[in-house]
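Structure file input_34.pdb (PDB, C-alpha atoms) follows.
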```
ATOM      1  CA  MET A   1      67.108  28.602  -8.717
ATOM      2  CA  LYS A   2      65.310  28.562 -12.077
ATOM      3  CA  ALA A   3      65.878  24.838 -12.270
ATOM      4  CA  GLU A   4      64.354  24.371  -8.786
ATOM      5  CA  LEU A   5      61.373  26.532  -9.761
ATOM      6  CA  LYS A   6      60.844  24.435 -12.871
ATOM      7  CA  LEU A   7      60.987  21.279 -10.745
ATOM      8  CA  LEU A   8      58.526  22.742  -8.244
ATOM      9  CA  GLN A   9      56.280  23.952 -11.039
ATOM     10  CA  ALA A  10      56.306  20.485 -12.626
ATOM     11  CA  GLU A  11      55.543  18.915  -9.251
ATOM     12  CA  THR A  12      52.709  21.410  -8.682
ATOM     13  CA  ILE A  13      51.204  20.568 -12.071
ATOM     14  CA  SER A  14      51.560  16.854 -11.336
ATOM     15  CA  GLN A  15      49.930  17.234  -7.901
ATOM     16  CA  SER A  16      47.152  19.376  -9.429
ATOM     17  CA  LYS A  17      46.396  16.642 -11.989
ATOM     18  CA  LYS A  18      46.359  14.010  -9.243
ATOM     19  CA  VAL A  19      43.913  16.105  -7.171
ATOM     20  CA  THR A  20      41.680  16.653 -10.207
ATOM     21  CA  THR A  21      41.746  12.932 -11.026
ATOM     22  CA  LEU A  22      41.041  12.025  -7.410
ATOM     23  CA  THR A  23      38.192  14.565  -7.209
ATOM     24  CA  GLU A  24      36.653  13.214 -10.403
ATOM     25  CA  GLY A  25      36.966   9.668  -9.045
ATOM     26  CA  ILE A  26      35.268  10.623  -5.783
ATOM     27  CA  ALA A  27      32.503  12.463  -7.653
ATOM     28  CA  ASP A  28      31.977   9.456  -9.927
ATOM     29  CA  THR A  29      31.861   7.051  -6.965
ATOM     30  CA  LEU A  30      29.395   9.251  -5.069
ATOM     31  CA  THR A  31      27.222   9.619  -8.175
ATOM     32  CA  LYS A  32      27.106   5.834  -8.614
ATOM     33  CA  GLN A  33      26.277   5.373  -4.919
ATOM     34  CA  TRP A  34      23.523   7.987  -5.154
ATOM     35  CA  GLU A  35      22.050   6.345  -8.255
ATOM     36  CA  GLY A  36      22.189   2.962  -6.524
ATOM     37  CA  MET A  37      20.447   4.273  -3.409
ATOM     38  CA  THR A  38      17.746   6.089  -5.385
ATOM     39  CA  GLY A  39      17.188   2.939  -7.455
ATOM     40  CA  LEU A  40      16.863   0.870  -4.283
ATOM     41  CA  LEU A  41      14.512   3.442  -2.780
ATOM     42  CA  LYS A  42      12.355   3.345  -5.911
ATOM     43  CA  THR A  43      12.259  -0.455  -5.787
ATOM     44  CA  GLU A  44      11.377  -0.497  -2.084
ATOM     45  CA  THR A  45       8.725   2.184  -2.535
ATOM     46  CA  THR A  46       7.150   0.270  -5.409
ATOM     47  CA  SER A  47       7.190  -2.905  -3.314
ATOM     48  CA  ILE A  48       5.500  -1.142  -0.385
ATOM     49  CA  ILE A  49       2.863   0.395  -2.657
ATOM     50  CA  GLU A  50       2.108  -2.962  -4.282
ATOM     51  CA  ALA A  51       1.796  -4.647  -0.878
ATOM     52  CA  ALA A  52      -0.545  -1.883   0.297
ATOM     53  CA  ARG A  53      -2.656  -2.231  -2.862
ATOM     54  CA  LYS A  54      -2.896  -5.980  -2.347
ATOM     55  CA  GLU A  55      -3.893  -5.541   1.283
ATOM     56  CA  PHE A  56      -6.433  -2.859   0.338
ATOM     57  CA  LYS A  57      -7.959  -5.185  -2.268
ATOM     58  CA  GLU A  58      -8.202  -8.016   0.265
ATOM     59  CA  VAL A  59      -9.866  -5.746   2.838
ATOM     60  CA  ASN A  60     -12.182  -4.346   0.177
ATOM     61  CA  ASP A  61     -13.160  -7.883  -0.891
ATOM     62  CA  GLN A  62     -13.850  -8.802   2.739
ATOM     63  CA  LEU A  63     -15.994  -5.701   3.174
ATOM     64  CA  LEU A  64     -17.972  -6.549   0.040
ATOM     65  CA  GLN A  65     -18.543 -10.077   1.361
ATOM     66  CA  LEU A  66     -19.632  -8.667   4.716
ATOM     67  CA  HIS A  67     -21.982  -6.250   2.963
ATOM     68  CA  GLU A  68     -23.564  -9.066   0.935
ATOM     69  CA  TRP A  69     -23.867 -11.258   4.032
ATOM     70  CA  THR A  70     -25.475  -8.378   5.966
ATOM     71  CA  LYS A  71     -27.973  -7.704   3.165
ATOM     72  CA  LYS A  72     -28.848 -11.418   3.086
ATOM     73  CA  LYS A  73     -29.303 -11.553   6.862
ATOM     74  CA  ILE A  74     -31.450  -8.400   6.903
ATOM     75  CA  LYS A  75     -33.638  -9.842   4.132
ATOM     76  CA  GLN A  76     -33.859 -13.137   6.008
ATOM     77  CA  GLU A  77     -34.727 -11.379   9.292
ATOM     78  CA  THR A  78     -37.354  -9.269   7.543
ATOM     79  CA  GLN A  79     -38.921 -12.392   6.050
ATOM     80  CA  ASN A  80     -38.803 -14.123   9.456
ATOM     81  CA  ARG A  81     -40.668 -11.190  11.021
ATOM     82  CA  ILE A  82     -43.255 -11.214   8.237
ATOM     83  CA  ASN A  83     -43.696 -14.958   8.717
ATOM     84  CA  SER A  84     -43.917 -14.500  12.483
ATOM     85  CA  LYS A  85     -46.605 -11.812  12.139
ATOM     86  CA  THR A  86     -48.512 -14.045   9.719
ATOM     87  CA  ILE A  87     -48.331 -16.985  12.146
ATOM     88  CA  ILE A  88     -49.467 -14.782  15.052
ATOM     89  CA  LYS A  89     -52.303 -13.365  12.938
ATOM     90  CA  GLU A  90     -53.387 -16.842  11.846
ATOM     91  CA  ALA A  91     -53.181 -18.110  15.425
ATOM     92  CA  GLY A  92     -55.262 -15.161  16.593
ATOM     93  CA  GLU A  93     -57.859 -15.809  13.888
ATOM     94  CA  ALA A  94     -57.950 -19.497  14.832
ATOM     95  CA  ILE A  95     -58.485 -18.573  18.484
ATOM     96  CA  LEU A  96     -61.288 -16.183  17.524
ATOM     97  CA  LYS A  97     -62.928 -18.893  15.406
ATOM     98  CA  THR A  98     -62.627 -21.370  18.255
ATOM     99  CA  ASN A  99     -64.127 -18.892  20.733
ATOM    100  CA  THR A 100     -66.993 -17.943  18.448
ATOM    101  CA  SER A 101     -67.870 -21.547  17.661
TER
END
```

Encoded form (structure tokens):
Amino acid sequence: MKAELKLLQAETISQSKKVTTLTEGIADTLTKQWEGMTGLLKTETTSIIEAARKEFKEVNDQLLQLHEWTKKKIKQETQNRINSKTIIKEAGEAILKTNTS
């Protein structure tokens, strides 16, 4: 009976070591998978942020161009109205001169 107990005890110790080794292996594998996934997530997040920054810069550049174009057109329209008023005024003065002559 003592011999059987020693055999069972030895088997229990052996099984316990196998379980510990297996548990450590699983923990190591899961840790490596977790690190891989977090690394991939970091890479993807950085890629998305960079793409968004690039797109924001492009939109910002387009808005600046639109702003400059709008300022130019407003200045041009203002000058056209000034010129138009001057032409109308000069035409009116010419008509008055013609009528008074």

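Picture a line from atom CA of A:Gly25 to atom CA of A:Thr38; it runs 19.9 Å.
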
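Interatomic distance, atom CA of A:Val59 against atom CA of A:Glu44: 22.4 Å.
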
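Atom CA of A:Lys71 sits 28.2 Å away from atom CA of A:Ala52.
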